[in-house]
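Colleague: Data file structure33.txt (compact mmCIF, C-alpha atoms and all ligand atoms) is appended below.
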# COMPACT_ATOMS: atom_id res chain seq x y z
CA MET A 6 138.90 11.20 110.23
CA THR A 7 136.31 11.63 112.97
CA LEU A 8 133.09 9.83 113.86
CA ALA A 9 131.20 13.03 113.02
CA GLU A 10 132.59 12.87 109.49
CA LEU A 11 131.08 9.38 109.26
CA GLY A 12 127.68 10.78 110.28
CA TRP A 13 127.88 10.38 114.08
CA SER A 14 125.84 12.88 116.11
CA GLU A 15 125.04 13.81 119.68
CA ASP A 16 121.84 11.78 119.52
CA PHE A 17 123.80 8.69 118.60
CA GLU A 18 126.33 9.44 121.34
CA ARG A 19 123.55 9.66 123.91
CA GLU A 20 121.98 6.41 122.79
CA PHE A 21 125.40 4.79 122.76
CA ALA A 22 126.30 5.64 126.37
CA PRO A 23 125.30 2.27 127.90
CA HIS A 24 127.21 0.44 125.17
CA ARG A 25 130.31 2.54 125.75
CA ALA A 26 130.07 1.64 129.44
CA ARG A 27 130.44 -2.01 128.45
CA GLY A 28 133.55 -1.27 126.44
CA TRP A 29 131.88 -1.54 123.03
CA VAL A 30 132.79 0.82 120.20
CA PRO A 31 130.61 2.48 117.54
CA GLY A 32 130.95 1.46 113.91
CA ARG A 33 129.04 2.25 110.73
CA LEU A 34 128.09 -0.64 108.46
CA ILE A 35 129.50 -0.41 104.95
CA ARG A 36 128.80 -3.87 103.62
CA GLU A 37 126.61 -6.87 104.17
CA THR A 38 127.42 -10.31 102.77
CA PRO A 39 125.56 -13.60 103.18
CA ILE A 40 127.75 -14.50 106.15
CA ASN A 41 128.92 -11.32 107.79
CA TYR A 42 129.07 -7.54 107.91
CA SER A 43 131.83 -4.96 107.55
CA ALA A 44 131.99 -1.63 109.32
CA PHE A 45 134.09 1.50 109.48
CA ILE A 46 135.42 2.39 112.91
CA ILE A 47 137.73 5.17 113.99
CA ASP A 48 140.74 3.73 115.79
CA ASP A 49 142.67 5.28 118.70
CA GLU A 50 144.89 7.22 116.30
CA GLY A 51 141.84 8.72 114.60
CA GLU A 52 142.35 6.56 111.51
CA LEU A 53 139.51 5.05 109.52
CA GLU A 54 139.63 1.27 109.81
CA GLU A 55 137.54 -1.50 108.27
CA LEU A 56 136.41 -4.45 110.42
CA ASP A 57 134.63 -7.70 109.60
CA LEU A 58 131.84 -8.48 112.04
CA VAL A 59 129.39 -11.22 112.89
CA LEU A 60 125.90 -10.60 114.17
CA GLY A 61 125.37 -11.10 117.90
CA GLY A 62 122.62 -13.52 118.90
CA LYS A 63 120.65 -10.95 120.86
CA VAL A 64 120.51 -8.48 117.94
CA TRP A 65 119.24 -11.20 115.70
CA HIS A 66 116.79 -12.39 118.30
CA ASP A 67 115.43 -8.90 119.02
CA ALA A 68 114.71 -8.21 115.35
CA THR A 69 111.08 -9.12 114.74
CA ASN A 70 111.60 -9.07 110.96
CA ASP A 71 114.42 -8.79 108.40
CA ALA A 72 113.98 -5.04 108.08
CA GLU A 73 115.07 -4.61 111.69
CA LEU A 74 118.34 -6.45 111.18
CA PRO A 75 121.42 -4.26 110.74
CA ALA A 76 121.81 -2.91 107.19
CA VAL A 77 124.29 -0.76 105.28
CA GLY A 78 124.35 2.71 106.82
CA ASP A 79 123.45 1.56 110.33
CA TRP A 80 125.43 2.48 113.42
CA VAL A 81 126.19 -0.53 115.60
CA ALA A 82 127.90 -1.32 118.89
CA ILE A 83 130.90 -3.57 118.35
CA GLU A 84 132.53 -5.86 120.87
CA TYR A 85 136.10 -6.43 119.79
CA GLY A 86 137.26 -9.99 119.35
CA ASN A 87 140.79 -11.24 118.95
CA GLU A 88 142.66 -13.76 116.78
CA ASP A 89 140.33 -16.53 117.87
CA VAL A 90 137.07 -14.68 118.43
CA ASP A 91 135.18 -12.63 115.83
CA HIS A 92 134.25 -9.01 116.36
CA VAL A 93 130.56 -9.04 117.21
CA ILE A 94 127.69 -6.62 116.60
CA ARG A 95 126.07 -6.30 120.03
CA ALA A 96 123.45 -3.65 119.24
CA ARG A 97 122.04 -1.54 116.44
CA LEU A 98 121.31 2.12 117.15
CA SER A 99 117.98 3.60 116.07
CA ARG A 100 117.82 4.88 112.52
CA ARG A 101 117.50 8.54 111.64
CA SER A 102 116.13 7.51 108.29
CA CYS A 103 115.50 4.25 106.48
CA PHE A 104 115.38 3.90 102.73
CA SER A 105 113.44 0.75 101.93
CA ARG A 106 110.99 -0.79 99.55
CA LYS A 107 108.77 -3.81 99.29
CA MET A 108 110.57 -6.80 97.91
CA PRO A 109 109.91 -7.65 94.28
CA GLY A 110 107.45 -10.46 93.66
CA LYS A 111 104.59 -11.53 95.84
CA THR A 112 106.25 -11.25 99.22
CA THR A 113 105.31 -8.28 101.34
CA GLU A 114 108.63 -8.29 103.14
CA GLU A 115 110.28 -4.90 103.42
CA GLN A 116 113.77 -4.64 101.96
CA VAL A 117 116.09 -2.11 103.55
CA ILE A 118 118.35 -0.50 100.98
CA GLY A 119 120.23 1.99 103.12
CA THR A 120 119.81 3.65 106.50
CA ASN A 121 120.75 6.99 108.02
CA VAL A 122 120.59 8.51 104.55
CA ASP A 123 120.27 12.30 104.70
CA VAL A 124 119.72 13.14 101.04
CA VAL A 125 118.35 11.09 98.14
CA THR A 126 119.18 12.61 94.77
CA VAL A 127 117.06 11.59 91.80
CA VAL A 128 118.71 12.28 88.45
CA THR A 129 116.46 12.73 85.43
CA ASP A 130 116.44 14.78 82.22
CA PRO A 131 114.04 17.33 80.68
CA GLY A 132 113.38 15.09 77.65
CA PRO A 133 112.76 11.36 77.28
CA ASP A 134 113.14 10.63 80.99
CA HIS A 135 110.80 13.36 82.18
CA ASN A 136 107.90 11.50 83.74
CA PRO A 137 105.99 13.04 86.65
CA ARG A 138 104.25 9.76 87.45
CA ARG A 139 107.52 7.97 87.95
CA MET A 140 108.90 10.90 89.91
CA GLU A 141 105.87 10.69 92.16
CA ARG A 142 106.93 7.17 93.10
CA TYR A 143 110.44 8.32 93.90
CA PHE A 144 109.03 11.12 96.04
CA THR A 145 106.80 8.69 97.92
CA LEU A 146 109.73 6.39 98.59
CA ILE A 147 111.97 9.23 99.73
CA GLY A 148 109.23 10.85 101.79
CA ARG A 149 108.66 7.60 103.65
CA SER A 150 112.39 7.20 104.33
CA GLY A 151 112.80 10.50 106.13
CA ALA A 152 115.57 11.69 103.80
CA LYS A 153 115.59 15.00 101.91
CA PRO A 154 114.58 14.74 98.24
CA VAL A 155 116.79 16.48 95.68
CA VAL A 156 116.27 16.33 91.92
CA LEU A 157 118.79 17.04 89.21
CA ILE A 158 117.20 17.69 85.84
CA ASN A 159 120.41 16.86 84.03
CA LYS A 160 121.63 17.32 80.45
CA SER A 161 120.35 20.90 80.37
CA ASP A 162 123.00 21.62 77.71
CA ALA A 163 121.13 19.36 75.29
CA PHE A 164 117.62 20.83 75.69
CA PRO A 165 115.99 24.26 75.17
CA LYS A 166 115.95 26.37 78.31
CA GLU A 167 112.13 26.56 78.36
CA GLN A 168 111.86 22.76 78.29
CA CYS A 169 114.17 22.53 81.32
CA GLU A 170 112.17 25.18 83.18
CA GLU A 171 108.90 23.46 82.35
CA ALA A 172 110.15 20.11 83.65
CA ALA A 173 111.38 21.83 86.81
CA SER A 174 108.06 23.53 87.46
CA ASP A 175 106.18 20.25 86.91
CA LEU A 176 108.30 18.63 89.59
CA ARG A 177 108.15 21.58 91.98
CA GLU A 178 104.39 21.36 91.85
CA LEU A 179 104.55 17.62 92.47
CA CYS A 180 106.82 17.86 95.49
CA PRO A 181 107.30 21.30 97.07
CA GLU A 182 109.66 19.82 99.72
CA ALA A 183 112.13 18.74 97.06
CA ASP A 184 115.01 20.89 95.85
CA ILE A 185 114.85 20.89 92.06
CA HIS A 186 118.00 21.81 90.14
CA ILE A 187 118.62 22.14 86.43
CA THR A 188 122.13 20.86 85.72
CA SER A 189 124.57 19.72 83.12
CA ALA A 190 127.08 17.08 84.18
CA LEU A 191 129.04 17.87 81.05
CA LYS A 192 129.44 21.51 82.05
CA GLY A 193 130.27 20.57 85.65
CA ASP A 194 127.45 22.37 87.44
CA GLY A 195 125.83 19.05 88.43
CA LEU A 196 128.93 18.29 90.48
CA LYS A 197 128.71 21.69 92.16
CA VAL A 198 125.11 21.05 93.20
CA LEU A 199 125.93 17.61 94.62
CA GLU A 200 128.90 19.01 96.52
CA SER A 201 126.74 21.70 98.06
CA TYR A 202 124.79 18.93 99.87
CA LEU A 203 127.72 16.67 100.67
CA LYS A 204 128.89 18.41 103.83
CA PRO A 205 130.99 16.35 106.26
CA GLY A 206 128.84 13.67 107.89
CA ILE A 207 126.11 13.78 105.22
CA THR A 208 125.09 10.52 103.54
CA MET A 209 123.59 10.60 100.05
CA CYS A 210 122.10 8.07 97.64
CA ILE A 211 121.79 8.71 93.92
CA VAL A 212 119.01 7.04 91.96
CA GLY A 213 117.42 7.46 88.55
CA SER A 214 116.83 5.83 85.18
CA SER A 215 119.51 4.41 82.97
CA GLY A 216 121.38 6.93 80.85
CA VAL A 217 120.50 10.12 82.71
CA GLY A 218 124.09 10.77 83.79
CA LYS A 219 124.40 9.17 87.25
CA SER A 220 127.77 7.54 86.67
CA THR A 221 129.10 10.64 84.97
CA LEU A 222 128.21 12.66 88.08
CA VAL A 223 129.46 10.07 90.56
CA ASN A 224 132.75 9.69 88.74
CA GLN A 225 133.21 13.45 88.96
CA LEU A 226 132.57 13.19 92.71
CA TYR A 227 135.05 10.36 93.14
CA GLY A 228 137.66 12.20 91.14
CA ASP A 229 140.59 10.12 90.02
CA ASP A 230 140.64 7.57 92.80
CA TRP A 231 137.59 5.58 91.75
CA GLN A 232 135.38 4.68 88.84
CA TRP A 233 131.71 3.99 89.30
CA VAL A 234 130.76 1.25 86.88
CA SER A 235 127.02 1.56 86.62
CA GLU A 236 126.38 -1.06 84.00
CA VAL A 237 124.60 -3.85 85.88
CA ASN A 238 123.78 -6.64 83.49
CA ASP A 239 122.03 -8.82 85.97
CA VAL A 240 121.13 -8.88 89.58
CA THR A 241 124.20 -10.79 90.65
CA GLY A 242 125.91 -7.43 90.42
CA LYS A 243 128.21 -8.59 87.65
CA GLY A 244 129.73 -5.69 85.84
CA ARG A 245 129.84 -3.56 88.91
CA HIS A 246 133.14 -2.29 90.10
CA THR A 247 133.51 -5.39 92.23
CA THR A 248 130.92 -7.34 94.19
CA THR A 249 132.83 -7.03 97.44
CA THR A 250 133.20 -3.30 97.16
CA ARG A 251 132.12 -1.02 99.98
CA GLU A 252 128.55 0.10 99.62
CA LEU A 253 129.16 3.20 101.71
CA VAL A 254 131.95 5.33 100.32
CA PRO A 255 133.46 8.36 102.05
CA LEU A 256 134.27 11.09 99.52
CA SER A 257 137.52 12.99 99.72
CA GLY A 258 135.63 16.28 99.53
CA GLY A 259 133.38 15.33 102.47
CA GLY A 260 130.15 13.38 102.79
CA MET A 261 129.42 9.79 101.82
CA LEU A 262 127.59 7.91 99.11
CA ILE A 263 125.61 4.74 99.64
CA ASP A 264 125.47 2.71 96.48
CA ASN A 265 124.35 -0.91 96.34
CA PRO A 266 122.47 -3.20 93.97
CA GLY A 267 119.16 -2.48 95.75
CA MET A 268 119.63 1.20 95.04
CA ARG A 269 120.09 0.50 91.36
CA GLU A 270 117.03 -1.71 91.23
CA ILE A 271 114.70 1.01 92.40
CA GLN A 272 114.71 2.14 88.83
CA MET A 273 113.60 -1.24 87.59
CA TRP A 274 110.85 -1.43 90.13
CA THR A 275 109.44 2.03 89.49
CA ASP A 276 109.50 1.39 85.79
CA GLU A 277 107.44 -1.75 86.18
CA LYS A 278 104.86 0.08 88.27
CA THR A 279 104.71 2.99 85.86
CA LEU A 280 104.38 0.69 82.89
CA ARG A 281 101.53 -1.20 84.49
CA ASP A 282 99.78 1.94 85.63
CA SER A 283 99.83 3.42 82.17
CA PHE A 284 97.71 0.47 81.01
CA SER A 285 95.37 0.31 83.96
CA ASP A 286 92.33 0.71 81.70
CA VAL A 287 93.34 -2.38 79.70
CA GLU A 288 94.22 -4.26 82.89
CA GLN A 289 90.75 -3.42 84.11
CA ILE A 290 89.18 -5.08 81.06
CA ALA A 291 91.58 -8.04 81.28
CA SER A 292 90.50 -8.66 84.85
CA GLN A 293 87.09 -9.56 83.47
CA CYS A 294 88.46 -12.34 81.24
CA LYS A 295 87.03 -15.71 82.22
CA PHE A 296 90.45 -17.24 82.91
CA HIS A 297 92.99 -15.35 84.96
CA ASP A 298 95.82 -16.61 82.72
CA CYS A 299 93.94 -15.62 79.55
CA LYS A 300 96.29 -14.94 76.62
CA HIS A 301 93.61 -12.80 74.96
CA GLY A 302 93.94 -14.88 71.77
CA THR A 303 91.44 -17.65 71.18
CA ASP A 304 90.68 -18.26 74.86
CA LYS A 305 87.04 -18.67 75.81
CA GLY A 306 85.39 -15.73 77.56
CA CYS A 307 88.10 -13.19 76.71
CA ALA A 308 86.93 -9.72 77.70
CA ILE A 309 89.79 -8.07 75.83
CA ARG A 310 88.82 -9.61 72.50
CA ALA A 311 85.24 -8.61 73.11
CA ALA A 312 86.33 -5.05 73.84
CA VAL A 313 88.32 -4.91 70.59
CA GLU A 314 85.36 -6.26 68.64
CA SER A 315 82.98 -3.75 70.13
CA GLY A 316 85.46 -0.93 69.40
CA GLU A 317 85.89 -0.14 73.09
CA LEU A 318 89.57 -1.04 72.88
CA ASP A 319 91.95 0.07 70.17
CA VAL A 320 93.83 -2.77 68.39
CA GLU A 321 97.11 -0.85 68.50
CA ARG A 322 96.72 -0.24 72.17
CA LEU A 323 96.09 -3.93 72.70
CA GLU A 324 99.25 -4.74 70.77
CA SER A 325 101.41 -2.54 72.95
CA PHE A 326 99.68 -3.98 75.98
CA LEU A 327 100.62 -7.49 74.89
CA LYS A 328 104.22 -6.41 74.31
CA LEU A 329 104.21 -4.74 77.70
CA ASP A 330 103.51 -8.07 79.32
CA ASP A 331 106.70 -9.49 77.78
CA GLU A 332 108.64 -6.52 79.11
CA ILE A 333 107.25 -6.99 82.56
CA GLU A 334 108.00 -10.72 82.40
CA GLU A 335 111.61 -9.84 81.73
CA LEU A 336 111.66 -7.42 84.66
CA LYS A 337 110.15 -10.08 86.88
CA ARG A 338 112.71 -12.62 85.78
CA ARG A 339 115.45 -10.27 86.90
CA ALA A 340 113.64 -9.42 90.11
CA LYS A 341 113.24 -13.11 90.91
CA LYS A 342 116.93 -13.70 90.45
CA ARG A 343 117.54 -10.88 92.86
CA GLN A 344 115.08 -12.32 95.33
CA MET A 345 116.90 -15.63 95.28
CA THR A 346 120.05 -13.82 96.28
CA THR A 347 118.15 -12.12 99.06
CA GLU A 348 116.68 -15.37 100.27
CA ARG A 349 120.11 -16.93 100.41
CA ARG A 350 121.08 -13.96 102.49
CA ALA A 351 118.19 -14.57 104.87
CA LYS A 352 119.62 -18.00 105.61
CA ARG A 353 122.79 -16.42 106.88
CA ASN A 354 121.50 -16.26 110.42
CA THR A 355 121.79 -20.00 111.00
CA ARG A 356 125.28 -19.87 109.58
CA ILE A 357 126.28 -16.95 111.72
CA LYS A 358 125.04 -18.72 114.77
CA ALA A 359 127.10 -21.76 113.92
CA ARG A 360 130.15 -19.74 113.00
CA ASN A 361 131.12 -18.57 116.40
CA LEU A 362 131.05 -20.75 119.46
CA ASN A 363 130.54 -17.94 121.95
CA ASP A 364 127.61 -16.65 120.01
CA ARG A 365 126.07 -20.05 119.78
CA ILE A 366 126.36 -20.48 123.53
CA GLU A 367 124.79 -17.06 124.02
CA TRP A 368 122.06 -17.91 121.54
CA GLU A 369 121.23 -21.21 123.20
CA ARG A 370 121.18 -19.55 126.58
CA GLU A 371 118.69 -17.02 125.22
CA GLN A 372 116.56 -19.80 123.85
CA ARG A 373 116.37 -21.26 127.34
CA GLY A 374 115.35 -17.85 128.65
CA GLU A 375 118.52 -17.31 130.60
CA TRP A 376 119.32 -13.93 129.05
CA ARG A 377 119.34 -11.42 131.90
N1 LIG B 401 124.59 16.25 76.86
C1 LIG B 401 124.81 15.68 78.06
N2 LIG B 401 125.11 14.38 78.13
C2 LIG B 401 125.33 13.82 79.34
C3 LIG B 401 125.26 14.59 80.53
N3 LIG B 401 125.52 13.77 81.58
C4 LIG B 401 125.75 12.55 81.06
N4 LIG B 401 125.66 12.59 79.70
C5 LIG B 401 125.84 11.47 78.77
O1 LIG B 401 124.76 10.56 78.90
C6 LIG B 401 125.19 9.21 78.69
C7 LIG B 401 124.78 8.37 79.89
O2 LIG B 401 125.45 8.84 81.05
P1 LIG B 401 125.74 7.90 82.30
O3 LIG B 401 126.46 8.72 83.28
O4 LIG B 401 126.38 6.64 81.87
O5 LIG B 401 124.27 7.59 82.77
P2 LIG B 401 123.76 6.65 83.96
O6 LIG B 401 122.63 7.34 84.57
O7 LIG B 401 124.89 6.26 84.83
O8 LIG B 401 123.22 5.41 83.17
P3 LIG B 401 123.43 3.85 83.48
O9 LIG B 401 124.91 3.68 83.39
O10 LIG B 401 122.70 3.14 82.39
O11 LIG B 401 122.85 3.63 84.83
C8 LIG B 401 126.70 9.31 78.51
O12 LIG B 401 126.99 9.25 77.15
C9 LIG B 401 127.07 10.65 79.10
O13 LIG B 401 128.22 11.20 78.51
C10 LIG B 401 124.95 16.00 80.41
O14 LIG B 401 124.85 16.77 81.39
N5 LIG B 401 124.73 16.48 79.14
ZN ZN B 402 91.45 -12.31 77.70
Written as structure tokens, that's how I'd like the structure from this file.

Modeller:
Amino acid sequence: MTLAELGWSEDFEREFAPHRARGWVPGRLIRETPINYSAFIIDDEGELEELDLVLGGKVWHDATNDAELPAVGDWVAIEYGNEDVDHVIRARLSRRSCFSRKMPGKTTEEQVIGTNVDVVTVVTDPGPDHNPRRMERYFTLIGRSGAKPVVLINKSDAFPKEQCEEAASDLRELCPEADIHITSALKGDGLKVLESYLKPGITMCIVGSSGVGKSTLVNQLYGDDWQWVSEVNDVTGKGRHTTTTRELVPLSGGGMLIDNPGMREIQMWTDEKTLRDSFSDVEQIASQCKFHDCKHGTDKGCAIRAAVESGELDVERLESFLKLDDEIEELKRRAKKRQMTTERRAKRNTRIKARNLNDRIEWEREQRGEWR
């Protein structure tokens, strides 16, 4: 295997020159845990090798926020350690693209899901999942990342041809930059489309609602050597293949997939936004209730109840709105659990600093302003 097959390019090589001069080697991050990172490197024999790394003090120090810290997909400069000293990330190369989103909940912190992603594939279907408003959110997210948007309108075998074409033309209108394909994973043409993008060195993410055929497609890509278990019961990642699995997977046919819990949650997040948006008229009325935590029952000064009484708001619509709140509560509960995991992760920096004596010395020296 070569660096190029891992996504390395001449631009990276140029940026890496000063690091090479110091004897550091390039590696691509494939995993991030609360205490360390793992990366792929290409060893002297041209073999793919996996290394565990700790974060160097300067990299941590130079990051002005969490989003600038190394993340899965990043290229980093590695200083080799030995039996007694950890391998250390000494620098992060600039990102060609960055797939991120705002963290769930009230924080405005940006959460990086994957970097140096070339193609983001959204899988949907022409029937129950077809939802231009939700797709618009995906397109915004992908557009911001710098990756190429590709859509598979899957399960074409189960819907009339005209319905597939109609869905495709809706989406083409919505996002002319996107490649829109009508596919059937069952018939195997979905795999062909994915493979046409997955040239050597190309990194792809696959997102989309539950049940649209993502794992079917990914399992076809992996072939016999892997199974993608997409059932995620909760945010701890339970039910996934394994929690310590690589989040960046090289495919035997070329190209790589980035798949991590954040990627799977995009679906949850977009659904919450779409759900809320579809009731914006009711939300608007609710915002005029006297109490911000109004249950719209017997509370004093309830604008919703007034709107129902005056006929401005339909009772049935109110009922689904009230149910919607429960649904969103459930989504938030899951998001919060996820955020707790992320916050634990944010604490890793102190631990990393304490983990490695050399790094702590370097860190303390920096704190005293002795760095260079
Ligand atoms: N008719 C038809 N069914 C499909 C196709 N692709 C997948 N399915 C079926 O749709 C169901 C859901 O497919 P999955 O691959 O599990 O969907 P997913 O997107 O991974 O869903 P989650 O696991 O919930 O994230 C399965 O029963 C598949 O066999 C297709 O092209 N045509
Ligand atoms: Zn009210």

Colleague: Would you list the residues that come within 7 Å of ligand ZN 402 (chain B)? Count all atoms listed in the file and give the answer as a PyMOL selection string.

Modeller: chain A and resi 291+294+299-302+304+306-310

Colleague: Within 6 Å of ligand LIG 401 (chain B) (counting all atoms listed in the file), which residues show up? I'd like them as number ranges by chain.

Modeller: A: 159-160, 162-163, 189-191, 215-221, 235-236

Colleague: When you look at Val30 (chain A) with a cut-off of 12 Å (counting only C-alpha atoms), what residues show up, excluding the ones that are within fewer than 6 positions of it in the same chain? I need them as a JSON list (two decimals) with C-alpha atoms, keeping the file's coordinate frame.

Modeller:
[["chain", "number", "residue", "atom", "x", "y", "z"],
["A", 8, "LEU", "CA", 133.09, 9.83, 113.86],
["A", 18, "GLU", "CA", 126.33, 9.44, 121.34],
["A", 21, "PHE", "CA", 125.40, 4.79, 122.76],
["A", 22, "ALA", "CA", 126.30, 5.64, 126.37],
["A", 23, "PRO", "CA", 125.30, 2.27, 127.90],
["A", 24, "HIS", "CA", 127.21, 0.44, 125.17],
["A", 44, "ALA", "CA", 131.99, -1.63, 109.32],
["A", 45, "PHE", "CA", 134.09, 1.50, 109.48],
["A", 46, "ILE", "CA", 135.42, 2.39, 112.91],
["A", 47, "ILE", "CA", 137.73, 5.17, 113.99],
["A", 48, "ASP", "CA", 140.74, 3.73, 115.79],
["A", 49, "ASP", "CA", 142.67, 5.28, 118.70],
["A", 56, "LEU", "CA", 136.41, -4.45, 110.42],
["A", 80, "TRP", "CA", 125.43, 2.48, 113.42],
["A", 81, "VAL", "CA", 126.19, -0.53, 115.60],
["A", 82, "ALA", "CA", 127.90, -1.32, 118.89],
["A", 83, "ILE", "CA", 130.90, -3.57, 118.35],
["A", 84, "GLU", "CA", 132.53, -5.86, 120.87],
["A", 85, "TYR", "CA", 136.10, -6.43, 119.79],
["A", 86, "GLY", "CA", 137.26, -9.99, 119.35],
["A", 92, "HIS", "CA", 134.25, -9.01, 116.36],
["A", 93, "VAL", "CA", 130.56, -9.04, 117.21],
["A", 94, "ILE", "CA", 127.69, -6.62, 116.60],
["A", 95, "ARG", "CA", 126.07, -6.30, 120.03],
["A", 96, "ALA", "CA", 123.45, -3.65, 119.24],
["A", 97, "ARG", "CA", 122.04, -1.54, 116.44],
["A", 98, "LEU", "CA", 121.31, 2.12, 117.15]]

Colleague: Between A:Pro75, A:Gly62, A:Pro154, A:Pro165, which residue has the minimum interatomic distance to Asp184 (chain A), considering all atoms listed in the file?

Modeller: A:Pro154

Colleague: Measuring atom to atom with all atoms listed in the file, identify which of A:Gly151, A:Pro205, A:Gly61, A:Pro31 is nearest to Asp123 (chain A).

Modeller: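 Nearest to Asp123 (chain A): A:Gly151.
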
Colleague: Please determine, counting only C-alpha atoms, which residue among A:Glu37, A:Glu20, A:Glu171, A:Asp298 has the shortest atom-to-atom distance to Asp130 (chain A).

Modeller: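 Closest to Asp130 (chain A), using only C-alpha atoms: A:Glu171.
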
Colleague: Mind checking which residues fall within 10 Å of Glu73 (chain A), counting all atoms listed in the file, ignoring those fewer than 4 positions away in the same chain, and posting them as a count of residues only?

Modeller: 11

Colleague: Just checking: using all atoms listed in the file, which residue out of A:Val320, A:Met268, A:Ile147, A:Ala152 ends up closest to Gly213 (chain A)?

Modeller: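 The shortest atom-to-atom distance to Gly213 (chain A) comes from A:Met268.
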
Colleague: May I have the residues within 12 Å of Arg101 (chain A) as a ChimeraX atom specification, using all atoms listed in the file and disregarding those fewer than 2 positions away in the same chain?

Modeller: /A:12-14,16-17,78-80,98-99,103-104,119-124,149-153,207-208

Colleague: List as a PyMOL selection string the protein and nucleic acid residues near Tyr143 (chain A), meaning an atom at most 9 Å away when all atoms listed in the file are counted, but skip any in the same chain fewer than 3 places from it.

Modeller: chain A and resi 127+139-140+146-148+154+212-213+271+275
